[in-house]
Amino acid sequence: MLYLRRKTKWKTDAEDAASKSVLRYAKDDDIAKSNYEYNSTIDLSKYDGKYINDQNTGPVSQLKFGNRQMYYNGCEIIATYNAMRTLGKPEDIRDIAYEYEKDGKMLGGEFGTNPYAAQRYFERKGYKVETVKGEDIVNKKTPDADAYILSYWNTDNVMDMLHTVAIEKDKNGEYVFYNDDARYEKEVRETEIQNRIKVEEYQPIILQCISEK
């Protein structure tokens, strides 16, 4: 009898957890659809054929992701948009946001997007993704790639949040950082990715090196 009671209790707890999970998924799905409909009303023609560098003030800042607007939590989405443009396969940022609503959103968007979700995104698109993590980003040679996405802590206090940017290596061999600094609202150039990290004292998390297969 004791075994049966335990089994029944476990089954009840498991069913309860499963039910809550389904409800959370349904709620997230409703938010994703609602956000997509809202985002479709925002005029983004400013970015036609262009990179996005004005997360804090431009039209992109008004887009919704999770429970927030993208001026607050949209850097991973913008980085993905900019990287896809570098790869020559531009996508609507609203579609990118919708995908990340399904796979990558952290705590309802309060913490933006899990930076590791970008690897899954690009692999679904058919790209090869090589990752470099932590101090290896600074200490090792940057792998060759067609586009890069860098995530870093703004300071050594994780409560100051992380930021994610797209990087392009241009024909002159310079690394172009997009949406990296709200003070400029334009791309920033460096001869090496490591230089930018050292100058700004970023705390690197992951560098995703994206290439055609």
# chains A, B, ... in the order shown; residues from 1 in each chain; ligands from 1
>>> residues_around(residues="stretch 30-36 of chain A", least_positions_apart="2", cutoff="8 Å", atoms="only C-alpha atoms", output="list in words")
Ala26, Lys27, Asp28, Tyr38, Asn39, Ser40, Leu63, Lys64, Phe65, Gly66, Arg94, Asp95, Tyr98, Glu101 and Lys102 of chain A
>>> write_last_selection(atoms="C-alpha atoms", output="PDB file, in the first residue's frame")
ATOM      1  CA  ALA A  26       0.477  28.074 -24.371  1.00  0.00           C
ATOM      2  CA  LYS A  27       0.932  31.429 -22.641  1.00  0.00           C
ATOM      3  CA  ASP A  28       4.339  31.946 -24.277  1.00  0.00           C
ATOM      4  CA  TYR A  38       2.200  44.226 -32.861  1.00  0.00           C
ATOM      5  CA  ASN A  39       5.672  44.248 -34.422  1.00  0.00           C
ATOM      6  CA  SER A  40       4.121  44.030 -37.868  1.00  0.00           C
ATOM      7  CA  LEU A  63       9.525  46.143 -31.179  1.00  0.00           C
ATOM      8  CA  LYS A  64       8.287  43.750 -28.532  1.00  0.00           C
ATOM      9  CA  PHE A  65      10.058  40.613 -27.363  1.00  0.00           C
ATOM     10  CA  GLY A  66       8.651  38.645 -24.468  1.00  0.00           C
ATOM     11  CA  ARG A  94      10.252  40.336 -36.781  1.00  0.00           C
ATOM     12  CA  ASP A  95      10.587  36.766 -38.023  1.00  0.00           C
ATOM     13  CA  TYR A  98       9.373  35.187 -33.367  1.00  0.00           C
ATOM     14  CA  GLU A 101      10.296  33.668 -28.693  1.00  0.00           C
ATOM     15  CA  LYS A 102       9.966  29.909 -29.337  1.00  0.00           C
TER      16      LYS A 102
END
>>> closest_atom_pairs(of="stretch 22-69 of chain A", to="stretch 174-192 of chain A", cutoff="7 Å", atoms="only C-alpha atoms", output="tab-separated table")
residue	atom	partner	partner_atom	distance
A:Ile52	CA	A:Asn179	CA	6.4
A:Asn53	CA	A:Asn179	CA	4.0
A:Asp54	CA	A:Glu185	CA	5.0
A:Gln55	CA	A:Asn179	CA	6.9
A:Asn56	CA	A:Ala182	CA	6.6
>>> write_last_selection(atoms="C-alpha atoms", output="mmCIF file, in the first residue's frame")
data_model
loop_
_atom_site.group_PDB
_atom_site.id
_atom_site.type_symbol
_atom_site.label_atom_id
_atom_site.label_comp_id
_atom_site.auth_asym_id
_atom_site.auth_seq_id
_atom_site.Cartn_x
_atom_site.Cartn_y
_atom_site.Cartn_z
ATOM 1 C CA ILE A 52 20.901 48.094 -37.323
ATOM 2 C CA ASN A 53 22.994 50.178 -34.911
ATOM 3 C CA ASP A 54 20.369 52.146 -32.993
ATOM 4 C CA GLN A 55 18.826 49.666 -30.571
ATOM 5 C CA ASN A 56 18.128 52.332 -27.944
#
>>> atom_distance(atom1="atom CA of A:Tyr100", atom2="atom CA of A:Ile42")
18.6 Å
>>> select_by_dssp(residues="stretch 9-193 of chain A", states="alpha helix (DSSP H)", output="VMD selection string")
chain A and resid 9 to 39 70 to 73 75 to 86 93 to 102 117 to 124 136 to 139 193
>>> write_last_selection(atoms="C-alpha atoms", output="JSON list (two decimals), in the first residue's frame")
[["chain", "number", "residue", "atom", "x", "y", "z"],
["A", 9, "LYS", "CA", 1.61, 10.77, -5.44],
["A", 10, "TRP", "CA", 4.46, 10.74, -7.95],
["A", 11, "LYS", "CA", 2.06, 10.37, -10.83],
["A", 12, "THR", "CA", -0.06, 13.25, -9.52],
["A", 13, "ASP", "CA", 3.00, 15.49, -9.14],
["A", 14, "ALA", "CA", 4.25, 14.57, -12.61],
["A", 15, "GLU", "CA", 0.87, 15.24, -14.18],
["A", 16, "ASP", "CA", 0.67, 18.57, -12.33],
["A", 17, "ALA", "CA", 4.12, 19.58, -13.58],
["A", 18, "ALA", "CA", 3.23, 18.53, -17.12],
["A", 19, "SER", "CA", 0.00, 20.51, -16.96],
["A", 20, "LYS", "CA", 1.83, 23.62, -15.76],
["A", 21, "SER", "CA", 4.39, 23.19, -18.53],
["A", 22, "VAL", "CA", 1.67, 23.01, -21.16],
["A", 23, "LEU", "CA", 0.01, 26.12, -19.75],
["A", 24, "ARG", "CA", 3.31, 28.03, -19.74],
["A", 25, "TYR", "CA", 3.96, 26.98, -23.33],
["A", 26, "ALA", "CA", 0.48, 28.07, -24.37],
["A", 27, "LYS", "CA", 0.93, 31.43, -22.64],
["A", 28, "ASP", "CA", 4.34, 31.95, -24.28],
["A", 29, "ASP", "CA", 2.84, 31.03, -27.64],
["A", 30, "ASP", "CA", 0.08, 33.60, -27.15],
["A", 31, "ILE", "CA", 2.65, 36.27, -26.24],
["A", 32, "ALA", "CA", 4.79, 35.37, -29.26],
["A", 33, "LYS", "CA", 1.83, 35.68, -31.63],
["A", 34, "SER", "CA", 0.63, 38.90, -30.01],
["A", 35, "ASN", "CA", 4.11, 40.41, -30.22],
["A", 36, "TYR", "CA", 4.46, 39.38, -33.85],
["A", 37, "GLU", "CA", 1.17, 41.07, -34.72],
["A", 38, "TYR", "CA", 2.20, 44.23, -32.86],
["A", 39, "ASN", "CA", 5.67, 44.25, -34.42],
["A", 70, "MET", "CA", 13.75, 45.61, -27.75],
["A", 71, "TYR", "CA", 15.50, 48.74, -26.53],
["A", 72, "TYR", "CA", 15.85, 46.69, -23.34],
["A", 73, "ASN", "CA", 16.31, 43.09, -24.48],
["A", 75, "CYS", "CA", 20.52, 42.79, -28.72],
["A", 76, "GLU", "CA", 20.72, 39.06, -29.58],
["A", 77, "ILE", "CA", 17.91, 39.46, -32.10],
["A", 78, "ILE", "CA", 19.57, 42.49, -33.67],
["A", 79, "ALA", "CA", 22.92, 40.66, -33.74],
["A", 80, "THR", "CA", 21.28, 37.77, -35.58],
["A", 81, "TYR", "CA", 19.66, 40.18, -38.06],
["A", 82, "ASN", "CA", 22.99, 41.90, -38.70],
["A", 83, "ALA", "CA", 24.86, 38.60, -39.04],
["A", 84, "MET", "CA", 22.33, 37.31, -41.57],
["A", 85, "ARG", "CA", 22.85, 40.50, -43.57],
["A", 86, "THR", "CA", 26.61, 39.92, -43.51],
["A", 93, "ILE", "CA", 13.86, 41.01, -37.79],
["A", 94, "ARG", "CA", 10.25, 40.34, -36.78],
["A", 95, "ASP", "CA", 10.59, 36.77, -38.02],
["A", 96, "ILE", "CA", 13.86, 36.36, -36.14],
["A", 97, "ALA", "CA", 12.24, 37.62, -32.94],
["A", 98, "TYR", "CA", 9.37, 35.19, -33.37],
["A", 99, "GLU", "CA", 11.80, 32.27, -33.67],
["A", 100, "TYR", "CA", 13.61, 33.33, -30.52],
["A", 101, "GLU", "CA", 10.30, 33.67, -28.69],
["A", 102, "LYS", "CA", 9.97, 29.91, -29.34],
["A", 117, "ALA", "CA", 20.35, 29.93, -28.86],
["A", 118, "ALA", "CA", 22.04, 31.70, -31.77],
["A", 119, "GLN", "CA", 24.03, 28.56, -32.55],
["A", 120, "ARG", "CA", 20.81, 26.57, -32.92],
["A", 121, "TYR", "CA", 19.29, 29.32, -35.04],
["A", 122, "PHE", "CA", 22.13, 29.37, -37.55],
["A", 123, "GLU", "CA", 22.46, 25.61, -37.64],
["A", 124, "ARG", "CA", 18.76, 25.38, -38.51],
["A", 136, "ASP", "CA", 39.99, 31.75, -25.19],
["A", 137, "ILE", "CA", 38.31, 34.53, -27.17],
["A", 138, "VAL", "CA", 41.07, 36.89, -26.05],
["A", 139, "ASN", "CA", 43.97, 34.46, -25.83],
["A", 193, "ILE", "CA", 38.25, 41.40, -32.09]]
>>> closest_residue(among="A:Leu150, A:Leu162, A:Lys125, A:Lys140", to="A:Arg196", atoms="only C-alpha atoms")
A:Leu150
>>> decode(residues="stretch 138-171 of chain A", atoms="N, CA and C atoms", output="CSV table (one decimal), in the first residue's frame")
chain,number,residue,atom,x,y,z
A,138,VAL,N,40.0,35.9,-26.1
A,138,VAL,CA,41.1,36.9,-26.0
A,138,VAL,C,42.4,36.3,-26.3
A,139,ASN,N,42.6,35.1,-25.8
A,139,ASN,CA,44.0,34.5,-25.8
A,139,ASN,C,44.3,33.7,-27.1
A,140,LYS,N,43.3,33.3,-27.9
A,140,LYS,CA,43.5,32.5,-29.0
A,140,LYS,C,43.2,33.2,-30.3
A,141,LYS,N,43.8,32.8,-31.4
A,141,LYS,CA,43.6,33.4,-32.7
A,141,LYS,C,42.1,33.2,-33.1
A,142,THR,N,41.5,34.3,-33.6
A,142,THR,CA,40.1,34.2,-34.1
A,142,THR,C,40.0,33.3,-35.3
A,143,PRO,N,39.1,32.3,-35.2
A,143,PRO,CA,38.9,31.5,-36.4
A,143,PRO,C,38.4,32.3,-37.6
A,144,ASP,N,38.8,31.8,-38.8
A,144,ASP,CA,38.2,32.4,-40.0
A,144,ASP,C,36.7,32.1,-40.1
A,145,ALA,N,35.9,33.0,-40.5
A,145,ALA,CA,34.4,32.7,-40.6
A,145,ALA,C,33.8,33.8,-41.5
A,146,ASP,N,32.6,33.6,-41.9
A,146,ASP,CA,31.9,34.6,-42.8
A,146,ASP,C,31.2,35.6,-42.0
A,147,ALA,N,30.9,35.3,-40.7
A,147,ALA,CA,30.2,36.3,-39.8
A,147,ALA,C,30.5,35.8,-38.4
A,148,TYR,N,30.4,36.7,-37.4
A,148,TYR,CA,30.6,36.4,-36.0
A,148,TYR,C,29.5,37.0,-35.1
A,149,ILE,N,29.2,36.3,-34.0
A,149,ILE,CA,28.4,36.9,-33.0
A,149,ILE,C,29.1,36.8,-31.7
A,150,LEU,N,29.3,37.9,-31.0
A,150,LEU,CA,30.0,38.0,-29.7
A,150,LEU,C,29.1,38.3,-28.6
A,151,SER,N,29.0,37.6,-27.5
A,151,SER,CA,28.3,37.9,-26.3
A,151,SER,C,29.3,38.1,-25.2
A,152,TYR,N,29.0,39.2,-24.4
A,152,TYR,CA,29.9,39.5,-23.3
A,152,TYR,C,29.1,40.2,-22.2
A,153,TRP,N,29.7,40.0,-21.0
A,153,TRP,CA,29.1,40.8,-19.8
A,153,TRP,C,29.7,42.2,-20.0
A,154,ASN,N,28.8,43.2,-19.7
A,154,ASN,CA,29.2,44.6,-19.8
A,154,ASN,C,30.3,44.9,-18.7
A,155,THR,N,30.2,44.3,-17.6
A,155,THR,CA,31.2,44.5,-16.5
A,155,THR,C,31.4,43.1,-15.8
A,156,ASP,N,32.2,43.1,-14.8
A,156,ASP,CA,32.4,41.8,-14.0
A,156,ASP,C,31.2,41.6,-13.1
A,157,ASN,N,30.2,42.5,-13.1
A,157,ASN,CA,29.0,42.2,-12.3
A,157,ASN,C,27.9,41.7,-13.2
A,158,VAL,N,27.6,40.5,-13.1
A,158,VAL,CA,26.6,39.9,-14.0
A,158,VAL,C,25.2,40.5,-14.0
A,159,MET,N,24.9,41.2,-12.9
A,159,MET,CA,23.7,41.9,-12.8
A,159,MET,C,23.6,43.1,-13.7
A,160,ASP,N,24.7,43.5,-14.3
A,160,ASP,CA,24.8,44.6,-15.3
A,160,ASP,C,24.4,44.1,-16.6
A,161,MET,N,24.0,42.8,-16.7
A,161,MET,CA,23.5,42.2,-18.0
A,161,MET,C,24.6,42.0,-19.0
A,162,LEU,N,24.2,41.3,-20.0
A,162,LEU,CA,25.1,41.0,-21.1
A,162,LEU,C,24.7,41.7,-22.4
A,163,HIS,N,25.6,41.8,-23.3
A,163,HIS,CA,25.3,42.4,-24.6
A,163,HIS,C,25.8,41.4,-25.7
A,164,THR,N,25.1,41.4,-26.8
A,164,THR,CA,25.5,40.6,-27.9
A,164,THR,C,25.5,41.4,-29.2
A,165,VAL,N,26.6,41.2,-30.0
A,165,VAL,CA,26.8,42.0,-31.2
A,165,VAL,C,27.2,41.1,-32.4
A,166,ALA,N,26.9,41.6,-33.6
A,166,ALA,CA,27.4,40.9,-34.8
A,166,ALA,C,28.7,41.6,-35.2
A,167,ILE,N,29.6,40.8,-35.8
A,167,ILE,CA,30.9,41.3,-36.3
A,167,ILE,C,31.1,40.8,-37.7
A,168,GLU,N,31.5,41.7,-38.5
A,168,GLU,CA,31.9,41.3,-39.9
A,168,GLU,C,33.4,41.6,-40.1
A,169,LYS,N,34.1,40.7,-40.8
A,169,LYS,CA,35.4,41.0,-41.2
A,169,LYS,C,35.4,41.5,-42.7
A,170,ASP,N,35.7,42.8,-42.9
A,170,ASP,CA,35.6,43.4,-44.2
A,170,ASP,C,36.7,43.0,-45.1
A,171,LYS,N,36.6,43.5,-46.3
A,171,LYS,CA,37.6,43.2,-47.4
A,171,LYS,C,39.0,43.7,-47.0
